[in-house]
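S.K.: The following file, start-v2.cif, comprises mmCIF, C-alpha atoms:
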```
data_my_file
#
loop_
_atom_site.label_atom_id
_atom_site.label_comp_id
_atom_site.auth_asym_id
_atom_site.auth_seq_id
_atom_site.Cartn_x
_atom_site.Cartn_y
_atom_site.Cartn_z
CA MET A 92 42.43 -137.63 35.67
CA ASP A 93 39.72 -136.12 33.43
CA GLN A 94 39.04 -132.37 33.31
CA GLY A 95 35.87 -131.87 31.29
CA GLN A 96 36.91 -132.71 27.75
CA THR A 97 40.57 -133.00 28.76
CA ARG A 98 42.49 -136.05 29.95
CA ILE A 99 45.56 -135.60 32.17
CA GLU A 100 48.07 -138.46 32.21
CA PRO A 101 51.81 -139.16 32.33
CA LEU A 102 53.52 -139.25 28.95
CA ALA A 103 54.28 -142.91 28.25
CA SER A 104 57.94 -143.73 27.67
CA ASP A 105 57.10 -145.43 24.34
CA ASP A 106 54.83 -142.64 23.06
CA GLN A 107 57.14 -141.14 20.45
CA ALA A 108 54.41 -139.09 18.77
CA GLY A 109 53.38 -137.63 22.12
CA TYR A 110 56.99 -136.89 23.00
CA GLU A 111 57.53 -135.03 19.73
CA ALA A 112 54.31 -133.04 20.29
CA VAL A 113 55.52 -131.99 23.75
CA VAL A 114 58.95 -130.95 22.45
CA GLN A 115 57.40 -128.99 19.57
CA LEU A 116 55.03 -127.20 21.95
CA GLY A 117 57.90 -126.34 24.26
CA ASP A 118 60.06 -125.13 21.37
CA ARG A 119 57.32 -122.78 20.18
CA PHE A 120 57.34 -120.98 23.52
CA ASP A 121 60.99 -121.34 24.52
CA ASP A 122 61.25 -117.54 24.66
CA ARG A 123 59.27 -117.80 27.90
CA LEU A 124 59.91 -121.35 29.03
CA GLY A 125 63.65 -121.19 28.44
CA GLN A 126 65.71 -123.66 26.48
CA LEU A 127 65.88 -127.22 27.74
CA PRO A 128 68.16 -129.85 26.14
CA TYR A 129 66.26 -132.61 24.35
CA ALA A 130 68.07 -135.11 26.54
CA ALA A 131 66.37 -133.50 29.56
CA PHE A 132 62.97 -134.00 27.90
CA GLU A 133 63.85 -137.64 27.25
CA GLU A 134 64.97 -138.25 30.82
CA ALA A 135 61.84 -136.63 32.23
CA ARG A 136 59.66 -138.77 29.93
CA ASP A 137 61.44 -141.97 30.97
CA ASP A 138 61.06 -141.03 34.67
CA ALA A 139 57.33 -140.25 34.25
CA ARG A 140 57.95 -136.58 35.06
CA ILE A 141 56.00 -135.20 32.09
CA LEU A 142 52.23 -134.87 32.45
CA VAL A 143 50.25 -134.18 29.28
CA ALA A 144 46.78 -132.76 28.76
CA ARG A 145 44.99 -134.44 25.86
CA ASP A 146 41.82 -133.36 24.11
CA ALA A 147 39.44 -136.19 24.96
CA ASP A 148 37.89 -136.16 21.46
CA THR A 149 40.97 -135.83 19.23
CA ASP A 150 43.60 -137.23 21.62
CA THR A 151 45.92 -134.36 20.64
CA ILE A 152 48.22 -132.87 23.28
CA ILE A 153 47.13 -129.37 24.22
CA GLY A 154 49.35 -128.80 27.24
CA TYR A 155 52.03 -130.32 29.41
CA ALA A 156 53.91 -129.96 32.69
CA LEU A 157 57.54 -131.05 33.11
CA TYR A 158 59.00 -131.16 36.58
CA ARG A 159 61.87 -132.40 38.74
CA LEU A 160 61.90 -134.03 42.18
CA PRO A 161 64.80 -132.47 44.11
CA ARG A 162 65.14 -132.64 47.87
CA ASN A 163 61.61 -133.16 49.28
CA GLU A 164 59.67 -130.96 46.89
CA VAL A 165 58.52 -130.70 43.29
CA SER A 166 60.28 -128.19 41.05
CA LEU A 167 58.09 -127.13 38.11
CA THR A 168 60.32 -126.57 35.07
CA HIS A 169 57.74 -126.15 32.26
CA LEU A 170 53.99 -125.46 32.39
CA CYS A 171 52.66 -124.85 28.88
CA VAL A 172 49.18 -124.82 27.30
CA GLU A 173 48.22 -124.29 23.65
CA PRO A 174 46.96 -120.71 23.17
CA ASP A 175 43.56 -121.89 21.85
CA ALA A 176 43.07 -124.03 24.95
CA ARG A 177 43.92 -121.42 27.54
CA GLY A 178 41.22 -120.33 29.96
CA MET A 179 39.82 -123.87 30.16
CA GLY A 180 41.46 -124.82 33.45
CA ILE A 181 44.11 -127.02 31.88
CA ALA A 182 47.06 -125.49 33.71
CA GLY A 183 45.17 -125.90 36.98
CA ALA A 184 44.41 -129.53 36.16
CA LEU A 185 48.07 -130.23 35.44
CA VAL A 186 49.17 -128.63 38.72
CA LYS A 187 46.42 -130.45 40.64
CA THR A 188 47.56 -133.78 39.18
CA ILE A 189 51.16 -133.08 40.20
CA THR A 190 49.93 -132.44 43.74
CA GLU A 191 47.92 -135.68 43.73
CA ARG A 192 50.86 -137.71 42.44
CA HIS A 193 53.37 -136.17 44.86
CA SER A 194 51.26 -135.20 47.85
CA GLN A 195 53.90 -136.55 50.27
CA ARG A 196 56.34 -133.84 49.16
CA LEU A 197 56.30 -130.47 50.89
CA GLY A 198 55.02 -128.57 47.87
CA ILE A 199 55.67 -127.30 44.35
CA ARG A 200 58.25 -124.62 43.57
CA ALA A 201 58.24 -122.55 40.36
CA LYS A 202 60.07 -119.46 39.12
CA CYS A 203 58.73 -116.86 36.72
CA ARG A 204 59.99 -113.56 35.36
CA ASP A 205 58.10 -110.59 36.78
CA ASP A 206 57.85 -108.87 33.40
CA TYR A 207 55.63 -111.70 32.10
CA GLY A 208 52.82 -110.29 34.26
CA LEU A 209 51.60 -113.70 35.41
CA ALA A 210 51.32 -113.07 39.15
CA ASP A 211 47.52 -113.38 39.08
CA THR A 212 47.81 -116.66 37.16
CA TRP A 213 50.17 -118.20 39.70
CA GLN A 214 47.96 -117.09 42.57
CA HIS A 215 44.90 -118.54 40.81
CA LEU A 216 46.79 -121.86 40.57
CA GLY A 217 47.26 -121.87 44.34
CA PHE A 218 50.81 -120.52 44.53
CA THR A 219 52.07 -117.79 46.83
CA ALA A 220 55.11 -115.59 46.30
CA ARG A 221 57.93 -116.98 48.42
CA ALA A 222 61.09 -115.08 47.41
CA LYS A 223 62.68 -112.78 44.85
CA THR A 224 65.57 -113.70 42.59
CA THR A 225 67.00 -112.63 39.23
CA GLY A 226 67.07 -114.23 35.79
CA ARG A 227 70.14 -115.69 34.12
CA GLY A 228 70.31 -113.37 31.12
CA ARG A 229 72.57 -110.37 30.78
CA ASP A 230 69.69 -108.08 31.82
CA ARG A 231 69.31 -109.92 35.19
CA THR A 232 65.52 -109.64 34.97
CA PRO A 233 63.69 -109.78 38.35
CA MET A 234 61.91 -113.06 39.04
CA THR A 235 59.57 -114.37 41.72
CA VAL A 236 59.81 -117.78 43.37
CA TRP A 237 56.29 -119.21 43.67
CA TRP A 238 55.35 -121.95 46.14
CA LYS A 239 52.27 -124.20 46.34
CA ASP A 240 52.24 -125.81 49.77
CA HIS A 241 51.04 -129.37 50.29
CA GLY A 242 50.15 -128.71 53.92
CA HIS A 243 52.78 -130.81 55.70
CA PRO A 244 54.13 -129.68 59.06
CA ASP A 245 57.47 -128.02 58.41
CA LEU A 246 59.92 -127.43 61.25
CA PHE A 247 62.12 -125.27 59.07
CA THR A 248 61.38 -121.97 57.38
CA GLU A 249 61.22 -122.41 53.64
CA TYR A 250 63.33 -119.90 51.79
CA GLU A 251 65.06 -119.59 48.44
CA LEU A 252 68.08 -121.80 48.82
CA PRO A 253 71.53 -120.62 47.78
CA VAL A 254 72.75 -121.70 44.38
CA GLU A 255 72.99 -125.49 44.13
CA LEU A 256 76.04 -125.72 41.91
CA ARG A 257 78.77 -123.37 40.66
CA ALA A 258 80.50 -124.34 37.43
CA ALA A 259 83.52 -122.74 35.78
CA ILE A 260 83.17 -122.07 32.05
CA ASP A 261 85.88 -121.81 29.45
CA LEU A 262 86.40 -118.80 27.21
CA ASN A 263 84.52 -120.29 24.25
CA ILE A 264 81.34 -120.59 26.30
CA VAL A 265 81.77 -117.00 27.49
CA LEU A 266 82.05 -115.92 23.86
CA ASP A 267 79.05 -118.05 22.87
CA LEU A 268 76.84 -116.26 25.38
CA ALA A 269 78.16 -112.82 24.42
CA SER A 270 77.82 -113.38 20.67
CA PRO A 271 75.07 -112.74 18.14
CA ALA A 272 72.38 -115.32 17.45
CA THR A 273 74.59 -117.25 15.02
CA ARG A 274 76.77 -118.55 17.84
CA LYS A 275 74.77 -118.04 21.03
CA PRO A 276 72.22 -120.92 20.72
CA ARG A 277 74.90 -123.55 21.32
CA SER A 278 75.28 -122.51 24.97
CA GLU A 279 72.19 -120.39 25.61
CA PHE A 280 70.37 -123.07 27.59
CA LEU A 281 72.95 -122.55 30.37
CA VAL A 282 71.36 -119.19 31.22
CA ALA A 283 67.71 -120.29 30.98
CA ASP A 284 65.59 -118.69 33.69
CA HIS A 285 64.48 -122.02 35.14
CA LEU A 286 68.11 -122.58 36.23
CA ALA A 287 68.14 -119.41 38.35
CA GLY A 288 69.25 -120.31 41.85
CA ARG A 289 70.38 -123.75 40.71
CA LEU A 290 73.35 -123.25 38.39
CA GLN A 291 75.77 -120.34 38.65
CA LEU A 292 78.33 -119.88 35.88
CA VAL A 293 81.65 -118.46 37.06
CA VAL A 294 85.00 -117.61 35.51
CA SER A 295 88.25 -118.64 37.12
CA SER A 296 91.17 -116.44 38.05
CA GLY A 297 93.03 -118.48 35.41
CA MET A 298 90.83 -116.99 32.70
CA ILE A 299 91.45 -113.48 34.03
CA ALA A 300 95.20 -114.11 33.88
CA GLU A 301 94.88 -115.47 30.34
CA ILE A 302 92.97 -112.40 29.17
CA LYS A 303 95.48 -110.01 30.75
CA ALA A 304 98.39 -111.84 29.12
CA GLY A 305 96.69 -112.08 25.72
CA ASP A 306 96.31 -109.83 22.70
CA PRO A 307 95.69 -106.25 23.90
CA ALA A 308 93.44 -105.65 20.89
CA ARG A 309 90.98 -108.31 22.16
CA ARG A 310 91.32 -107.57 25.85
CA ARG A 311 88.50 -105.07 26.17
CA THR A 312 86.07 -107.27 24.22
CA LEU A 313 86.87 -110.29 26.36
CA GLN A 314 86.63 -108.34 29.60
CA GLU A 315 83.17 -107.09 28.60
CA ALA A 316 82.15 -110.67 27.77
CA ILE A 317 83.05 -111.96 31.23
CA ASN A 318 81.45 -109.07 33.14
CA PRO A 319 78.14 -110.91 33.81
CA TYR A 320 79.91 -113.73 35.66
CA PRO A 321 81.44 -113.78 39.14
CA VAL A 322 85.19 -114.37 39.30
CA VAL A 323 86.33 -117.20 41.57
CA ASN A 324 89.89 -116.62 42.75
CA ALA A 325 92.32 -119.41 43.57
CA ASP A 326 95.46 -119.35 45.65
CA PRO A 327 98.17 -118.80 42.98
CA GLN A 328 100.64 -121.26 44.49
CA ARG A 329 97.96 -123.93 44.90
CA ALA A 330 96.93 -123.46 41.26
CA THR A 331 100.55 -123.69 40.09
CA ASP A 332 101.11 -126.88 42.09
CA LEU A 333 97.98 -128.46 40.63
CA GLU A 334 98.94 -127.41 37.10
CA GLN A 335 102.34 -129.07 37.46
CA ALA A 336 100.78 -132.22 38.94
CA ILE A 337 98.26 -132.43 36.08
CA LEU A 338 100.96 -131.99 33.45
CA ALA A 339 103.23 -134.58 35.07
CA GLU A 340 100.42 -137.15 35.14
CA VAL A 341 99.25 -136.48 31.56
CA GLN A 342 102.80 -136.70 30.25
CA LYS A 343 103.11 -140.25 31.53
CA THR A 344 100.90 -141.36 28.63
CA SER A 345 101.25 -138.32 26.31
CA PRO A 346 104.89 -137.17 26.56
CA GLN A 347 104.41 -134.46 23.91
CA PHE A 348 101.63 -132.70 25.80
CA PRO A 349 101.14 -129.75 25.88
CA VAL A 350 101.51 -129.30 22.13
CA THR A 351 100.25 -125.72 21.78
CA ASP A 352 100.11 -122.56 23.84
CA GLN A 353 96.34 -123.11 24.06
CA ASP A 354 96.98 -126.46 25.73
CA HIS A 355 99.03 -124.63 28.38
CA ARG A 356 96.25 -122.09 28.90
CA ASP A 357 93.58 -124.79 29.16
CA VAL A 358 95.50 -126.63 31.87
CA GLY A 359 95.97 -123.36 33.72
CA GLN A 360 92.26 -122.56 33.68
CA VAL A 361 91.34 -126.04 34.89
CA ALA A 362 93.96 -125.89 37.65
CA HIS A 363 92.68 -122.51 38.87
CA ALA A 364 89.08 -123.79 38.92
CA ALA A 365 90.12 -126.85 40.91
CA ALA A 366 92.27 -124.81 43.30
CA ALA A 367 89.27 -122.54 43.96
CA GLY A 368 87.28 -125.54 45.17
CA LEU A 369 84.92 -125.86 42.20
CA SER A 370 83.72 -129.32 41.21
CA VAL A 371 82.71 -128.75 37.56
CA PHE A 372 84.49 -127.20 34.56
CA LEU A 373 82.40 -126.76 31.40
CA THR A 374 83.79 -126.87 27.87
CA TRP A 375 82.66 -127.97 24.43
CA ASP A 376 86.21 -129.14 23.66
CA GLU A 377 85.92 -132.92 23.46
CA SER A 378 89.66 -133.40 22.99
CA LEU A 379 90.33 -131.44 26.19
CA ILE A 380 87.82 -133.56 28.10
CA LYS A 381 89.35 -136.75 26.75
CA GLN A 382 92.95 -135.65 27.32
CA LEU A 383 92.60 -134.11 30.79
CA GLY A 384 89.30 -135.35 32.21
CA PRO A 385 90.33 -138.62 33.90
CA VAL A 386 93.60 -137.22 35.23
CA VAL A 387 92.09 -133.99 36.54
CA GLU A 388 89.22 -135.78 38.29
CA THR A 389 91.59 -138.28 39.87
CA LEU A 390 93.94 -135.58 41.17
CA THR A 391 91.47 -132.87 42.14
CA GLY A 392 87.90 -134.16 42.02
CA ILE A 393 86.82 -131.56 39.44
CA LYS A 394 84.82 -132.92 36.51
CA LEU A 395 85.38 -131.72 32.93
CA MET A 396 82.19 -132.02 30.90
CA LYS A 397 80.08 -130.64 28.09
CA PRO A 398 77.45 -128.07 29.10
CA VAL A 399 74.54 -130.31 28.15
CA TYR A 400 75.69 -132.86 30.71
CA VAL A 401 75.63 -130.43 33.63
CA VAL A 402 72.02 -129.46 32.88
CA LEU A 403 70.90 -133.04 32.42
CA HIS A 404 72.54 -134.25 35.65
CA LEU A 405 72.33 -131.10 37.75
CA ASP A 406 70.60 -132.78 40.69
CA GLU A 407 73.23 -135.51 40.82
CA LEU A 408 76.11 -133.04 40.56
CA ALA A 409 74.62 -130.68 43.14
CA ASN A 410 74.16 -133.56 45.59
CA ALA A 411 77.76 -134.54 44.98
CA GLU A 412 78.86 -131.14 46.32
CA ALA A 413 77.92 -132.43 49.75
CA PHE A 414 79.96 -135.53 49.01
CA ARG A 415 83.05 -133.57 47.94
CA LEU A 416 86.15 -135.54 46.98
CA ASP A 417 89.30 -134.65 48.88
CA SER A 418 92.24 -133.81 46.61
CA LEU A 419 95.07 -136.31 46.82
CA ALA A 420 97.57 -135.18 44.20
CA GLY A 421 99.71 -138.03 42.95
CA SER A 422 97.34 -140.72 44.20
CA GLY A 423 95.04 -142.93 42.21
CA PHE A 424 92.45 -142.78 44.98
CA THR A 425 90.19 -140.09 46.36
CA HIS A 426 88.12 -140.49 49.51
CA ALA A 427 84.79 -139.02 50.54
CA ARG A 428 83.49 -139.14 54.09
CA ALA A 429 84.62 -142.62 54.97
CA GLY A 430 82.22 -144.16 57.46
CA THR A 431 79.01 -142.77 55.95
CA ARG A 432 76.22 -145.33 56.19
CA ILE A 433 74.12 -145.93 53.09
CA ILE A 434 70.96 -147.79 52.03
CA LEU A 435 71.52 -150.01 48.98
CA TYR A 436 68.90 -150.02 46.19
CA ALA A 437 69.19 -152.34 43.16
CA SER A 438 67.62 -151.05 39.95
CA THR A 439 65.87 -153.00 37.17
CA PRO A 440 65.30 -155.92 37.04
CA ILE A 441 65.58 -156.31 40.84
CA ARG A 442 63.99 -152.95 41.80
CA SER A 443 64.40 -153.46 45.55
CA VAL A 444 66.20 -152.12 48.61
CA LEU A 445 68.60 -154.91 49.52
CA GLY A 446 70.28 -153.72 52.72
CA THR A 447 72.77 -151.25 54.18
CA ALA A 448 76.54 -150.76 54.15
CA THR A 449 79.32 -148.34 55.10
CA LEU A 450 81.04 -146.22 52.47
CA HIS A 451 84.75 -147.00 52.59
CA SER A 452 86.22 -144.97 49.72
CA VAL A 453 85.68 -143.56 46.25
CA ASP A 454 88.14 -144.46 43.49
CA THR A 455 87.98 -142.18 40.44
CA ASP A 456 89.91 -143.03 37.27
CA THR A 457 89.49 -144.21 33.69
CA PRO A 458 87.16 -147.21 33.27
CA ALA A 459 90.08 -149.40 32.11
CA ARG A 460 92.15 -148.70 35.21
CA LEU A 461 89.17 -149.15 37.52
CA SER A 462 88.43 -152.49 35.90
CA ARG A 463 91.98 -153.69 36.48
CA ARG A 464 92.04 -152.55 40.11
CA HIS A 465 88.61 -153.85 41.11
CA ARG A 466 87.90 -156.73 38.73
CA GLY A 467 87.69 -159.19 41.61
CA GLN A 468 85.07 -157.12 43.46
CA LEU A 469 82.77 -155.76 40.75
CA GLY A 470 80.31 -158.63 40.41
CA LEU A 471 80.29 -157.92 36.65
CA THR A 472 81.96 -159.42 33.64
CA ARG A 473 84.44 -157.19 31.83
CA ARG A 474 82.00 -156.89 28.93
CA GLU A 475 79.14 -155.79 31.23
CA PHE A 476 81.44 -153.26 32.88
CA ASP A 477 82.62 -151.88 29.50
CA ASP A 478 79.08 -151.70 28.12
CA TYR A 479 77.85 -149.80 31.18
CA LEU A 480 80.62 -147.19 30.91
CA ALA A 481 80.76 -146.99 27.12
CA GLY A 482 81.79 -143.50 25.99
CA VAL A 483 82.75 -142.39 29.52
CA THR A 484 86.24 -140.99 30.06
CA ALA A 485 86.13 -141.00 33.87
CA ALA A 486 84.16 -143.07 36.35
CA ALA A 487 84.03 -143.74 40.07
CA CYS A 488 83.97 -147.00 42.01
CA LEU A 489 82.55 -146.80 45.52
CA THR A 490 83.99 -149.39 47.86
CA ILE A 491 81.82 -150.45 50.78
CA ALA A 492 82.25 -152.37 54.01
CA ASP A 493 80.06 -153.92 56.71
CA ALA A 494 77.26 -154.82 54.28
CA GLN A 495 74.06 -155.86 56.09
CA PRO A 496 71.54 -157.57 53.77
CA LEU A 497 67.86 -157.42 54.62
CA PRO A 498 66.26 -160.79 55.40
CA VAL A 499 63.53 -159.88 52.91
CA PRO A 500 64.29 -157.15 50.31
CA TYR A 501 62.00 -154.12 50.17
CA GLU A 502 60.49 -154.31 46.69
CA LEU A 503 59.83 -151.03 44.91
CA ALA A 504 56.14 -151.79 44.43
CA TRP A 505 55.77 -152.50 48.15
CA LEU A 506 57.59 -149.30 49.12
CA ARG A 507 55.32 -147.29 46.85
CA ASP A 508 52.31 -148.80 48.60
CA GLN A 509 53.61 -147.15 51.79
CA ALA A 510 54.33 -143.71 50.29
CA GLU A 511 55.68 -142.00 47.20
CA PHE A 512 59.21 -143.20 46.46
CA GLN A 513 61.53 -142.17 43.62
CA PRO A 514 64.62 -144.42 43.47
CA PRO A 515 67.88 -142.56 42.89
CA GLN A 516 69.73 -142.73 39.58
CA SER A 517 73.01 -142.60 41.48
CA TYR A 518 72.34 -141.65 45.10
CA ARG A 519 70.31 -139.21 47.14
CA TYR A 520 69.53 -138.45 50.75
CA LEU A 521 66.62 -139.96 52.63
CA ALA A 522 63.70 -137.52 52.41
CA LEU A 523 60.96 -136.68 54.90
CA GLY A 524 58.24 -138.09 52.65
CA ASP A 525 59.99 -141.38 51.85
CA PRO A 526 58.30 -144.63 52.96
CA GLU A 527 58.32 -145.28 56.70
CA PRO A 528 60.21 -148.61 56.37
CA LEU A 529 63.22 -146.70 55.04
CA HIS A 530 63.17 -144.33 58.00
CA THR A 531 62.93 -147.29 60.35
CA LEU A 532 65.85 -148.90 58.54
CA ALA A 533 67.87 -145.70 58.89
CA ALA A 534 67.07 -145.46 62.59
CA THR A 535 68.02 -149.04 63.38
CA GLN A 536 70.87 -149.92 60.99
CA LEU A 537 72.53 -146.64 60.06
CA LYS A 538 73.83 -145.67 63.49
#
```
Give the structure from this file in structure tokens form.

M.R.:
Amino acid sequence: MDQGQTRIEPLASDDQAGYEAVVQLGDRFDDRLGQLPYAAFEEARDDARILVARDADTDTIIGYALYRLPRNEVSLTHLCVEPDARGMGIAGALVKTITERHSQRLGIRAKCRDDYGLADTWQHLGFTARAKTTGRGRDRTPMTVWWKDHGHPDLFTEYELPVELRAAIDLNIVLDLASPATRKPRSEFLVADHLAGRLQLVVSSGMIAEIKAGDPARRRTLQEAINPYPVVNADPQRATDLEQAILAEVQKTSPQFPVTDQDHRDVGQVAHAAAAGLSVFLTWDESLIKQLGPVVETLTGIKLMKPVYVVLHLDELANAEAFRLDSLAGSGFTHARAGTRIILYASTPIRSVLGTATLHSVDTDTPARLSRRHRGQLGLTRREFDDYLAGVTAAACLTIADAQPLPVPYELAWLRDQAEFQPPQSYRYLALGDPEPLHTLAATQLK
């Protein structure tokens, strides 16, 4: 799309100079845009979810829009234009191009702090105020949810959805966010305003118990640090049972664990988070993730991960909340809604819908153990399996039954001729705007 002397186009995945220009522009205005991990920029570029505005004469990037495609809408994460280029209609051209590219989706959702004074700008871009929410900082700044409708019939009232994912944080992350600028940047992106309504940070009752039992001299400081976050309480007996089960399983391979009092406290916090029904526990402690991660996920379904991972894969993790693993302490298997029917899509180089199947079970464990248990069913060599899961401490194998191949696969290019279609990176639900052949497939084969 051309807009006067401006060209609007997706950022090419191999355009390193363009990528760096976008990141630098975003970094210059991160006080308003909010911090976004570089990995999230990279993923958006590779998925063609960054549109850039280029000066037609110099080819320099003078603006960009970065967005996500959750549910059946577009979620606008960043909309940024160089100060010297503002007032030229570039922001409007970027938004218009998003609408043209994703017209089958219900609309575009954006969030903006009220104190930025941009209500007139959003209205000029075709957005209307849909709901009120609050920012993620300690000041809980009021925000407005803006919506640009694409004009599709909607049987349901659109409203600001409840938080997509709650994640427990360890004490070090709490202290990061409560500390001066020297420490805060490491975790600050977790409270970026664009995550309002999507990610809620919580502290477990295990952390409260740890603070109460700790050094009285630090107690007041720590209690003030956790004040901004809701406390999620677990049944004490359930948490104790899980803690003992975790320790028993870890000690099978690491008899000396726990080595320190901090190890004991870490297990307690994780057990309380799992007992409270949370599915994610955030920590920067790589040794903790490596030591406890596979065992804890196998026993309870809760994932231990670095903060950057939860932001990068928030859609996937939030969807997984609806696919919650049942806790089976002492078992190597966890099951999730056995009997669910699924459509099978094969990624590059096949890039086609191949058929349907029934989900039988989900087996979560270390990659090595999964390989041993399922090596006759994987359809991969051991090397391919290891390469795919390199650096991963816990993985999941989904076992399926009643597979029904399509006589002729639905190629991605053909599906996109019917309607907009974004293949899942792991899985997602069939959306209203997805190609009609998929809805027909669901109606005929997924009963």

S.K.: For range 185-241 of chain A versus range 118-123 of chain A, which residues have an atom no more than 10 Å away, and what is each residue's nearest atom pair and distance in Å rounded to one decimal, using all atoms listed in the file, chain-then-number order, as a tab-separated table?

M.R.:
```
residue	atom	partner	partner_atom	distance
A:Cys203	CA	A:Arg123	CA	8.9
A:Arg204	CA	A:Arg123	CA	8.6
A:Tyr207	CA	A:Arg123	CA	8.3
```

S.K.: For Met179 in chain A, which of A:Ala448, A:Ile153, A:Ile337, A:Val294 is the closest residue, counting only C-alpha atoms?

M.R.: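 So, comparing all the options, the nearest one is A:Ile153.
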
S.K.: From the set A:Gln126, A:Ser452, A:Ser278, A:Thr97, which residue has the shortest atom-to-atom contact distance to Thr151 in chain A, counting only C-alpha atoms?

M.R.: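 Looking at the shortest contact to Thr151 in chain A, the residue is A:Thr97.
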
S.K.: Please identify all polymer residues within 10 Å of range 352-363 of chain A, counting only C-alpha atoms, omitting same-chain residues fewer than 3 positions from it, and present them as JSON, numbers by chain.

M.R.: {"A": [259, 260, 261, 262, 294, 295, 296, 297, 298, 299, 300, 301, 323, 324, 325, 326, 327, 328, 329, 330, 331, 332, 333, 334, 335, 336, 337, 338, 348, 349, 366, 367, 368, 369, 371, 372, 373, 379, 383, 384, 387, 391, 393, 394, 395]}

S.K.: Can you write just those residues out, C-alpha atoms, as a PDB file, in the frame of the given file?

M.R.:
```
ATOM      1  CA  ALA A 259      83.520-122.740  35.780  1.00  0.00           C
ATOM      2  CA  ILE A 260      83.170-122.070  32.050  1.00  0.00           C
ATOM      3  CA  ASP A 261      85.880-121.810  29.450  1.00  0.00           C
ATOM      4  CA  LEU A 262      86.400-118.800  27.210  1.00  0.00           C
ATOM      5  CA  VAL A 294      85.000-117.610  35.510  1.00  0.00           C
ATOM      6  CA  SER A 295      88.250-118.640  37.120  1.00  0.00           C
ATOM      7  CA  SER A 296      91.170-116.440  38.050  1.00  0.00           C
ATOM      8  CA  GLY A 297      93.030-118.480  35.410  1.00  0.00           C
ATOM      9  CA  MET A 298      90.830-116.990  32.700  1.00  0.00           C
ATOM     10  CA  ILE A 299      91.450-113.480  34.030  1.00  0.00           C
ATOM     11  CA  ALA A 300      95.200-114.110  33.880  1.00  0.00           C
ATOM     12  CA  GLU A 301      94.880-115.470  30.340  1.00  0.00           C
ATOM     13  CA  VAL A 323      86.330-117.200  41.570  1.00  0.00           C
ATOM     14  CA  ASN A 324      89.890-116.620  42.750  1.00  0.00           C
ATOM     15  CA  ALA A 325      92.320-119.410  43.570  1.00  0.00           C
ATOM     16  CA  ASP A 326      95.460-119.350  45.650  1.00  0.00           C
ATOM     17  CA  PRO A 327      98.170-118.800  42.980  1.00  0.00           C
ATOM     18  CA  GLN A 328     100.640-121.260  44.490  1.00  0.00           C
ATOM     19  CA  ARG A 329      97.960-123.930  44.900  1.00  0.00           C
ATOM     20  CA  ALA A 330      96.930-123.460  41.260  1.00  0.00           C
ATOM     21  CA  THR A 331     100.550-123.690  40.090  1.00  0.00           C
ATOM     22  CA  ASP A 332     101.110-126.880  42.090  1.00  0.00           C
ATOM     23  CA  LEU A 333      97.980-128.460  40.630  1.00  0.00           C
ATOM     24  CA  GLU A 334      98.940-127.410  37.100  1.00  0.00           C
ATOM     25  CA  GLN A 335     102.340-129.070  37.460  1.00  0.00           C
ATOM     26  CA  ALA A 336     100.780-132.220  38.940  1.00  0.00           C
ATOM     27  CA  ILE A 337      98.260-132.430  36.080  1.00  0.00           C
ATOM     28  CA  LEU A 338     100.960-131.990  33.450  1.00  0.00           C
ATOM     29  CA  PHE A 348     101.630-132.700  25.800  1.00  0.00           C
ATOM     30  CA  PRO A 349     101.140-129.750  25.880  1.00  0.00           C
ATOM     31  CA  ALA A 366      92.270-124.810  43.300  1.00  0.00           C
ATOM     32  CA  ALA A 367      89.270-122.540  43.960  1.00  0.00           C
ATOM     33  CA  GLY A 368      87.280-125.540  45.170  1.00  0.00           C
ATOM     34  CA  LEU A 369      84.920-125.860  42.200  1.00  0.00           C
ATOM     35  CA  VAL A 371      82.710-128.750  37.560  1.00  0.00           C
ATOM     36  CA  PHE A 372      84.490-127.200  34.560  1.00  0.00           C
ATOM     37  CA  LEU A 373      82.400-126.760  31.400  1.00  0.00           C
ATOM     38  CA  LEU A 379      90.330-131.440  26.190  1.00  0.00           C
ATOM     39  CA  LEU A 383      92.600-134.110  30.790  1.00  0.00           C
ATOM     40  CA  GLY A 384      89.300-135.350  32.210  1.00  0.00           C
ATOM     41  CA  VAL A 387      92.090-133.990  36.540  1.00  0.00           C
ATOM     42  CA  THR A 391      91.470-132.870  42.140  1.00  0.00           C
ATOM     43  CA  ILE A 393      86.820-131.560  39.440  1.00  0.00           C
ATOM     44  CA  LYS A 394      84.820-132.920  36.510  1.00  0.00           C
ATOM     45  CA  LEU A 395      85.380-131.720  32.930  1.00  0.00           C
TER      46      LEU A 395
END
```

S.K.: Any idea what's packed within 12 Å of Leu461 in chain A, counting only C-alpha atoms, ignoring anything in its chain fewer than 6 positions away? Could you give it as a PyMOL selection string?

M.R.: chain A and resi 385+389+423-424+453-455+467-469+473+476-477+480+484-490

S.K.: Rank A:Val399, A:Ala144, A:Ala131, A:Ala108 by their smallest atom-to-atom distance to Arg177 in chain A, using only C-alpha atoms, and report the top residue only.

M.R.: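 Among the listed residues, the smallest separation from Arg177 in chain A belongs to A:Ala144.
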
S.K.: With all atoms listed in the file as the basis for distance, which of A:Glu527, A:Asp267, A:Glu340, A:Glu377 is at the shortest distance from Leu390 in chain A?

M.R.: A:Glu340

S.K.: Under the rule that only C-alpha atoms are counted, which of A:Leu127, A:Val114, A:Leu445, A:Val265 is the nearest residue to Pro319 in chain A?

M.R.: A:Val265

S.K.: Let me have the centre and edge lengths of the axis-aligned box enclosing all listed atoms of range 528-536 of chain A with 5 Å padding on every side, in Å to one decimal, as AutoDock Vina command-line options.

M.R.:
```
--center_x 65.5 --center_y -147.1 --center_z 59.2 --size_x 20.7 --size_y 15.6 --size_z 18.3
```
